[in-house]
$ cat data39.cif   # mmCIF, C-alpha atoms and all ligand atoms
data_work
loop_
_atom_site.group_PDB
_atom_site.id
_atom_site.type_symbol
_atom_site.label_atom_id
_atom_site.label_comp_id
_atom_site.auth_asym_id
_atom_site.auth_seq_id
_atom_site.Cartn_x
_atom_site.Cartn_y
_atom_site.Cartn_z
ATOM 1 C CA MET N 1 -5.544 84.558 -80.168
ATOM 2 C CA SER N 2 -3.181 81.913 -81.557
ATOM 3 C CA LYS N 3 -4.383 79.493 -84.254
ATOM 4 C CA ASN N 4 -2.204 76.774 -82.759
ATOM 5 C CA PRO N 5 -3.378 75.789 -79.232
ATOM 6 C CA VAL N 6 -0.340 73.489 -78.678
ATOM 7 C CA THR N 7 2.869 75.368 -78.042
ATOM 8 C CA ARG N 8 6.193 74.174 -79.389
ATOM 9 C CA ARG N 9 7.299 73.351 -75.838
ATOM 10 C CA GLN N 10 4.162 71.246 -75.233
ATOM 11 C CA PHE N 11 4.566 69.415 -78.535
ATOM 12 C CA LEU N 12 8.181 68.583 -77.697
ATOM 13 C CA SER N 13 7.187 67.417 -74.208
ATOM 14 C CA TYR N 14 4.396 65.127 -75.533
ATOM 15 C CA THR N 15 6.634 63.673 -78.218
ATOM 16 C CA LEU N 16 9.487 62.942 -75.818
ATOM 17 C CA THR N 17 7.101 61.372 -73.275
ATOM 18 C CA GLY N 18 5.554 59.154 -75.965
ATOM 19 C CA VAL N 19 8.872 58.033 -77.434
ATOM 20 C CA GLY N 20 10.381 57.539 -73.951
ATOM 21 C CA GLY N 21 7.407 55.450 -72.833
ATOM 22 C CA PHE N 22 7.562 53.346 -75.973
ATOM 23 C CA MET N 23 11.291 52.694 -75.499
ATOM 24 C CA ALA N 24 10.855 51.883 -71.792
ATOM 25 C CA ALA N 25 8.090 49.384 -72.640
ATOM 26 C CA GLY N 26 10.355 47.800 -75.262
ATOM 27 C CA ILE N 27 13.090 47.310 -72.663
ATOM 28 C CA LEU N 28 10.877 46.255 -69.739
ATOM 29 C CA MET N 29 8.480 43.853 -71.490
ATOM 30 C CA PRO N 30 11.039 41.077 -72.185
ATOM 31 C CA MET N 31 12.289 41.387 -68.571
ATOM 32 C CA VAL N 32 8.767 41.069 -67.145
ATOM 33 C CA ARG N 33 7.973 38.191 -69.508
ATOM 34 C CA PHE N 34 11.156 36.379 -68.429
ATOM 35 C CA ALA N 35 10.347 36.913 -64.735
ATOM 36 C CA VAL N 36 6.794 35.534 -64.909
ATOM 37 C CA ASP N 37 7.520 32.825 -67.488
ATOM 38 C CA PRO N 38 7.302 29.830 -65.083
ATOM 39 C CA VAL N 39 3.851 30.960 -63.976
ATOM 40 C CA LEU N 40 2.657 31.118 -67.593
ATOM 41 C CA GLN N 41 3.972 27.660 -68.491
ATOM 42 C CA HIS N 42 1.158 25.284 -69.395
ATOM 43 C CA ARG N 43 1.048 22.159 -67.227
ATOM 44 C CA GLY N 44 -0.543 19.111 -68.829
ATOM 45 C CA ALA N 45 -3.805 18.373 -67.051
ATOM 46 C CA GLY N 46 -3.473 14.662 -67.604
ATOM 47 C CA GLU N 47 0.087 14.286 -66.325
ATOM 48 C CA PHE N 48 1.063 10.691 -65.443
ATOM 49 C CA HIS N 49 4.031 9.562 -63.366
ATOM 50 C CA ALA N 50 5.946 6.324 -63.850
ATOM 51 C CA THR N 51 6.055 3.715 -61.105
ATOM 52 C CA SER N 52 8.417 0.761 -60.872
ATOM 53 C CA LYS N 53 5.453 -1.623 -60.706
ATOM 54 C CA LYS N 54 5.046 -4.098 -63.546
ATOM 55 C CA VAL N 55 1.368 -4.518 -64.381
ATOM 56 C CA ALA N 56 1.922 -8.256 -64.898
ATOM 57 C CA ASP N 57 2.897 -8.528 -61.208
ATOM 58 C CA LEU N 58 -0.385 -7.071 -59.937
ATOM 59 C CA THR N 59 -2.815 -9.483 -58.275
ATOM 60 C CA ASN N 60 -6.279 -9.058 -56.756
ATOM 61 C CA GLU N 61 -4.635 -8.326 -53.385
ATOM 62 C CA PRO N 62 -3.901 -4.595 -52.861
ATOM 63 C CA THR N 63 -0.181 -3.885 -52.876
ATOM 64 C CA ARG N 64 1.565 -0.702 -51.793
ATOM 65 C CA VAL N 65 3.211 1.156 -54.700
ATOM 66 C CA GLU N 66 5.475 4.112 -54.019
ATOM 67 C CA PHE N 67 6.547 6.490 -56.767
ATOM 68 C CA LYS N 68 8.593 9.694 -56.993
ATOM 69 C CA TYR N 69 8.593 12.637 -59.346
ATOM 70 C CA GLU N 70 9.819 16.195 -59.564
ATOM 71 C CA GLN N 71 7.157 18.836 -58.981
ATOM 72 C CA VAL N 72 7.630 22.322 -60.402
ATOM 73 C CA ASP N 73 5.675 25.134 -58.753
ATOM 74 C CA ALA N 74 6.519 28.278 -60.696
ATOM 75 C CA TRP N 75 10.210 28.796 -59.708
ATOM 76 C CA TYR N 76 10.269 26.111 -57.002
ATOM 77 C CA LYS N 77 11.222 22.506 -57.738
ATOM 78 C CA SER N 78 10.751 19.709 -55.222
ATOM 79 C CA ASP N 79 10.858 15.917 -55.153
ATOM 80 C CA VAL N 80 7.503 14.394 -54.293
ATOM 81 C CA THR N 81 6.941 10.832 -53.077
ATOM 82 C CA GLN N 82 3.439 9.377 -53.294
ATOM 83 C CA THR N 83 1.876 6.055 -52.454
ATOM 84 C CA ALA N 84 -1.006 4.100 -53.963
ATOM 85 C CA TRP N 85 -2.743 0.843 -53.073
ATOM 86 C CA VAL N 86 -3.019 -1.037 -56.344
ATOM 87 C CA TYR N 87 -4.729 -4.264 -57.394
ATOM 88 C CA LYS N 88 -6.673 -5.843 -60.257
ATOM 89 C CA ASP N 89 -10.416 -6.299 -59.855
ATOM 90 C CA GLU N 90 -12.337 -9.413 -60.971
ATOM 91 C CA LYS N 91 -12.475 -8.044 -64.559
ATOM 92 C CA GLY N 92 -8.714 -7.489 -64.600
ATOM 93 C CA GLU N 93 -9.112 -3.716 -64.423
ATOM 94 C CA ILE N 94 -6.367 -1.912 -62.497
ATOM 95 C CA ILE N 95 -7.596 -0.057 -59.405
ATOM 96 C CA ALA N 96 -5.206 2.388 -57.728
ATOM 97 C CA LEU N 97 -6.448 4.027 -54.530
ATOM 98 C CA SER N 98 -5.017 6.943 -52.608
ATOM 99 C CA PRO N 99 -3.924 5.978 -49.093
ATOM 100 C CA VAL N 100 -5.065 9.338 -47.685
ATOM 101 C CA CYS N 101 -7.945 8.853 -45.270
ATOM 102 C CA LYS N 102 -10.922 11.110 -45.996
ATOM 103 C CA HIS N 103 -11.464 11.766 -42.303
ATOM 104 C CA LEU N 104 -8.380 13.724 -41.247
ATOM 105 C CA GLY N 105 -5.735 12.624 -43.733
ATOM 106 C CA CYS N 106 -3.826 9.773 -42.057
ATOM 107 C CA ASN N 107 -2.584 6.919 -44.264
ATOM 108 C CA VAL N 108 -4.651 3.769 -44.550
ATOM 109 C CA THR N 109 -3.167 0.261 -44.735
ATOM 110 C CA TRP N 110 -4.488 -2.986 -46.156
ATOM 111 C CA GLY N 111 -4.827 -6.172 -44.129
ATOM 112 C CA GLU N 112 -3.147 -4.890 -40.971
ATOM 113 C CA ASN N 113 -6.251 -4.892 -38.785
ATOM 114 C CA LYS N 114 -6.753 -8.520 -37.721
ATOM 115 C CA GLN N 115 -10.504 -8.005 -37.164
ATOM 116 C CA HIS N 116 -11.020 -6.576 -40.669
ATOM 117 C CA PRO N 117 -8.271 -8.147 -42.806
ATOM 118 C CA ASN N 118 -10.137 -7.502 -46.073
ATOM 119 C CA GLN N 119 -10.596 -3.783 -45.622
ATOM 120 C CA PHE N 120 -8.429 -0.702 -45.704
ATOM 121 C CA TYR N 121 -7.864 0.486 -42.161
ATOM 122 C CA CYS N 122 -6.919 3.887 -40.797
ATOM 123 C CA PRO N 123 -5.086 3.547 -37.469
ATOM 124 C CA CYS N 124 -5.750 7.154 -36.385
ATOM 125 C CA HIS N 125 -9.450 6.867 -35.521
ATOM 126 C CA GLY N 126 -10.385 3.403 -36.751
ATOM 127 C CA GLY N 127 -11.706 4.448 -40.164
ATOM 128 C CA ARG N 128 -12.370 1.564 -42.554
ATOM 129 C CA TYR N 129 -12.903 1.229 -46.304
ATOM 130 C CA GLU N 130 -13.984 -1.646 -48.509
ATOM 131 C CA LEU N 131 -11.763 -3.032 -51.279
ATOM 132 C CA ASN N 132 -13.073 -0.512 -53.844
ATOM 133 C CA GLY N 133 -12.397 2.372 -51.431
ATOM 134 C CA LYS N 134 -15.982 2.797 -50.197
ATOM 135 C CA ASN N 135 -16.040 4.130 -46.636
ATOM 136 C CA VAL N 136 -17.637 1.727 -44.156
ATOM 137 C CA PRO N 137 -20.706 3.365 -42.552
ATOM 138 C CA GLY N 138 -20.363 3.918 -38.823
ATOM 139 C CA THR N 139 -16.615 4.659 -39.057
ATOM 140 C CA PRO N 140 -15.277 8.258 -39.092
ATOM 141 C CA PRO N 141 -14.600 8.815 -42.853
ATOM 142 C CA SER N 142 -17.571 10.304 -44.688
ATOM 143 C CA LYS N 143 -16.297 9.754 -48.249
ATOM 144 C CA PRO N 144 -14.606 6.978 -50.273
ATOM 145 C CA LEU N 145 -10.845 6.975 -50.836
ATOM 146 C CA ASP N 146 -9.772 8.917 -53.915
ATOM 147 C CA ALA N 147 -8.549 6.928 -56.923
ATOM 148 C CA TYR N 148 -5.601 7.497 -59.260
ATOM 149 C CA PRO N 149 -6.208 7.461 -63.018
ATOM 150 C CA THR N 150 -4.000 4.670 -64.399
ATOM 151 C CA LYS N 151 -2.087 4.084 -67.617
ATOM 152 C CA VAL N 152 0.146 1.251 -68.788
ATOM 153 C CA LYS N 153 3.299 1.933 -70.788
ATOM 154 C CA ASP N 154 5.887 -0.692 -71.718
ATOM 155 C CA GLY N 155 4.364 -3.019 -69.143
ATOM 156 C CA PHE N 156 4.762 -0.547 -66.263
ATOM 157 C CA LEU N 157 2.066 1.235 -64.292
ATOM 158 C CA TYR N 158 1.721 5.032 -64.575
ATOM 159 C CA LEU N 159 -0.441 7.032 -62.189
ATOM 160 C CA GLY N 160 -2.123 10.418 -62.602
ATOM 161 C CA LYS N 161 -3.496 12.854 -60.056
ATOM 162 C CA PRO N 162 -5.946 11.324 -57.509
ATOM 163 C CA LYS N 163 -9.602 12.105 -58.170
ATOM 164 C CA GLU N 164 -13.000 11.305 -56.713
ATOM 165 C CA ASN N 165 -13.413 7.518 -56.650
ATOM 166 C CA PRO N 166 -15.300 6.326 -59.783
ATOM 167 C CA PHE N 167 -15.545 2.714 -58.522
ATOM 168 C CA VAL N 168 -18.013 3.518 -55.730
ATOM 169 C CA LYS N 169 -21.582 3.963 -56.970
HETATM 170 S S1 LIG A 1 -7.861 10.148 -40.006
HETATM 171 FE FE1 LIG A 1 -8.542 8.233 -40.664
HETATM 172 S S2 LIG A 1 -10.116 7.765 -39.308
HETATM 173 FE FE2 LIG A 1 -9.470 9.680 -38.658
#

$ encode --input "data39.cif" --output "structure tokens" --more "lines below"
Ligand code: FES
Amino acid sequence: MSKNPVTRRQFLSYTLTGVGGFMAAGILMPMVRFAVDPVLQHRGAGEFHATSKKVADLTNEPTRVEFKYEQVDAWYKSDVTQTAWVYKDEKGEIIALSPVCKHLGCNVTWGENKQHPNQFYCPCHGGRYELNGKNVPGTPPSKPLDAYPTKVKDGFLYLGKPKENPFVK
């Protein structure tokens, strides 16, 4: 019986497999890292986008503000256009509401329905919202309009990602 259970051939085979695997990993890892890099990129949670709206021009009447930005989804880049209804409340606080109706996603307008000139109105199924975005009971939407977080920089309005409306208690 041999004292050495591993033959020379086996030792050589194990060594070559180990070294080969190590070298292959060294070559492949940077390639894999490069390929998945966009997915691993950290996106700022509180990302704000510039609008062309001067805060000094805002009144207590909602005005339509459109803004564009480039969206990067892993390897795919696209230009996104979004809209907000923006005004200042009685305390001078900026309120920016999403126009997307919480019923089935049509866009709401302000002041276009002659019977309800001081409400947001959804032309698709007659949904209505109060000035602060609260859905009017008895109309199709079951939730308030979402609201954009706002920021002011150099006198211009910046908007974040729409969230649940904090102005409706
Ligand atoms: S989508 Fe707005 S009321 Fe139906």

$ resolve_selection --input "data39.cif" --expression "the PyMOL selection byres (((not hetatm)) within 8 of (chain A and resi 1))" --output "MDAnalysis selection string"
chainID N and resid 100:108 121:128 139:141

$ residues_around --input "data39.cif" --residues "Asn135 (chain N)" --least-positions-apart "4" --cutoff "6 Å" --atoms "all atoms listed in the file" --output "MDAnalysis selection string"
chainID N and resid 129 143:144

$ write_last_selection --input "data39.cif" --atoms "C-alpha atoms" --output "short mmCIF file (atom, residue, chain, number, x, y, z; two decimals), in the coordinates of the input"
data_model
loop_
_atom_site.label_atom_id
_atom_site.label_comp_id
_atom_site.auth_asym_id
_atom_site.auth_seq_id
_atom_site.Cartn_x
_atom_site.Cartn_y
_atom_site.Cartn_z
CA TYR N 129 -12.90 1.23 -46.30
CA LYS N 143 -16.30 9.75 -48.25
CA PRO N 144 -14.61 6.98 -50.27
#

$ closest_residue --input "data39.cif" --among "N:Ser98, N:Ser52, N:Thr109, N:Gln115" --to "Glu164 (chain N)" --atoms "all atoms listed in the file"
N:Ser98

$ residues_around --input "data39.cif" --residues "region 147-159 of chain N" --least-positions-apart "6" --cutoff "7 Å" --atoms "all atoms listed in the file" --output "CSV table (one decimal) with C-alpha atoms, in the frame of the given file"
chain,number,residue,atom,x,y,z
N,48,PHE,CA,1.1,10.7,-65.4
N,49,HIS,CA,4.0,9.6,-63.4
N,50,ALA,CA,5.9,6.3,-63.8
N,51,THR,CA,6.1,3.7,-61.1
N,52,SER,CA,8.4,0.8,-60.9
N,53,LYS,CA,5.5,-1.6,-60.7
N,54,LYS,CA,5.0,-4.1,-63.5
N,55,VAL,CA,1.4,-4.5,-64.4
N,96,ALA,CA,-5.2,2.4,-57.7
N,97,LEU,CA,-6.4,4.0,-54.5
N,98,SER,CA,-5.0,6.9,-52.6
N,165,ASN,CA,-13.4,7.5,-56.6

$ atom_distance --input "data39.cif" --atom1 "CA of Met23 (chain N)" --atom2 "CA of Arg8 (chain N)"
22.4 Å

$ residues_around --input "data39.cif" --residues "Ser78 (chain N)" --least-positions-apart "5" --cutoff "12 Å" --atoms "all atoms listed in the file" --output "compact mmCIF listing (two decimals) with C-alpha atoms, in the coordinates of the input"
# COMPACT_ATOMS: atom_id res chain seq x y z
CA LYS N 68 8.59 9.69 -56.99
CA TYR N 69 8.59 12.64 -59.35
CA GLU N 70 9.82 16.20 -59.56
CA GLN N 71 7.16 18.84 -58.98
CA VAL N 72 7.63 22.32 -60.40
CA ASP N 73 5.68 25.13 -58.75

$ residues_near_point --input "data39.cif" --point "(-1.2, -4.8, -59.4)" --cutoff "6 Å" --atoms "only C-alpha atoms" --output "NGL selection string"
:N and (55 or 57-59 or 86-88)

$ atom_distance --input "data39.cif" --atom1 "CA of Glu47 (chain N)" --atom2 "CA of Gly160 (chain N)"
5.8 Å

$ atom_distance --input "data39.cif" --atom1 "CA of Ile95 (chain N)" --atom2 "CA of Pro166 (chain N)"
10.0 Å

$ build_atoms --input "data39.cif" --residues "region 54-69 of chain N" --atoms "N, CA and C atoms" --output "PDB file, in the coordinates of the input"
ATOM      1  N   LYS N  54       5.440  -3.451 -62.293  1.00  0.00           N
ATOM      2  CA  LYS N  54       5.046  -4.098 -63.546  1.00  0.00           C
ATOM      3  C   LYS N  54       3.582  -4.517 -63.420  1.00  0.00           C
ATOM      4  N   VAL N  55       2.794  -4.195 -64.415  1.00  0.00           N
ATOM      5  CA  VAL N  55       1.368  -4.518 -64.381  1.00  0.00           C
ATOM      6  C   VAL N  55       1.151  -6.031 -64.296  1.00  0.00           C
ATOM      7  N   ALA N  56       2.044  -6.789 -64.913  1.00  0.00           N
ATOM      8  CA  ALA N  56       1.922  -8.256 -64.898  1.00  0.00           C
ATOM      9  C   ALA N  56       2.060  -8.811 -63.483  1.00  0.00           C
ATOM     10  N   ASP N  57       2.700  -8.049 -62.584  1.00  0.00           N
ATOM     11  CA  ASP N  57       2.897  -8.528 -61.208  1.00  0.00           C
ATOM     12  C   ASP N  57       1.712  -8.217 -60.291  1.00  0.00           C
ATOM     13  N   LEU N  58       0.753  -7.429 -60.792  1.00  0.00           N
ATOM     14  CA  LEU N  58      -0.385  -7.071 -59.937  1.00  0.00           C
ATOM     15  C   LEU N  58      -1.317  -8.262 -59.753  1.00  0.00           C
ATOM     16  N   THR N  59      -1.857  -8.406 -58.551  1.00  0.00           N
ATOM     17  CA  THR N  59      -2.815  -9.483 -58.275  1.00  0.00           C
ATOM     18  C   THR N  59      -4.119  -8.838 -57.806  1.00  0.00           C
ATOM     19  N   ASN N  60      -5.041  -9.660 -57.288  1.00  0.00           N
ATOM     20  CA  ASN N  60      -6.279  -9.058 -56.756  1.00  0.00           C
ATOM     21  C   ASN N  60      -6.145  -8.691 -55.279  1.00  0.00           C
ATOM     22  N   GLU N  61      -4.924  -8.747 -54.758  1.00  0.00           N
ATOM     23  CA  GLU N  61      -4.635  -8.326 -53.385  1.00  0.00           C
ATOM     24  C   GLU N  61      -3.965  -6.938 -53.463  1.00  0.00           C
ATOM     25  N   PRO N  62      -4.519  -5.922 -52.783  1.00  0.00           N
ATOM     26  CA  PRO N  62      -3.901  -4.595 -52.861  1.00  0.00           C
ATOM     27  C   PRO N  62      -2.436  -4.610 -52.409  1.00  0.00           C
ATOM     28  N   THR N  63      -1.595  -3.974 -53.204  1.00  0.00           N
ATOM     29  CA  THR N  63      -0.181  -3.885 -52.876  1.00  0.00           C
ATOM     30  C   THR N  63       0.217  -2.409 -52.850  1.00  0.00           C
ATOM     31  N   ARG N  64       1.160  -2.099 -51.971  1.00  0.00           N
ATOM     32  CA  ARG N  64       1.565  -0.702 -51.793  1.00  0.00           C
ATOM     33  C   ARG N  64       2.577  -0.337 -52.873  1.00  0.00           C
ATOM     34  N   VAL N  65       2.293   0.716 -53.645  1.00  0.00           N
ATOM     35  CA  VAL N  65       3.211   1.156 -54.700  1.00  0.00           C
ATOM     36  C   VAL N  65       3.636   2.588 -54.396  1.00  0.00           C
ATOM     37  N   GLU N  66       4.958   2.779 -54.304  1.00  0.00           N
ATOM     38  CA  GLU N  66       5.475   4.112 -54.019  1.00  0.00           C
ATOM     39  C   GLU N  66       6.115   4.651 -55.299  1.00  0.00           C
ATOM     40  N   PHE N  67       5.922   5.912 -55.578  1.00  0.00           N
ATOM     41  CA  PHE N  67       6.547   6.490 -56.767  1.00  0.00           C
ATOM     42  C   PHE N  67       6.972   7.929 -56.480  1.00  0.00           C
ATOM     43  N   LYS N  68       8.020   8.356 -57.214  1.00  0.00           N
ATOM     44  CA  LYS N  68       8.593   9.694 -56.993  1.00  0.00           C
ATOM     45  C   LYS N  68       8.585  10.479 -58.296  1.00  0.00           C
ATOM     46  N   TYR N  69       8.473  11.776 -58.167  1.00  0.00           N
ATOM     47  CA  TYR N  69       8.593  12.637 -59.346  1.00  0.00           C
ATOM     48  C   TYR N  69       8.973  14.040 -58.897  1.00  0.00           C
TER      49      TYR N  69
END
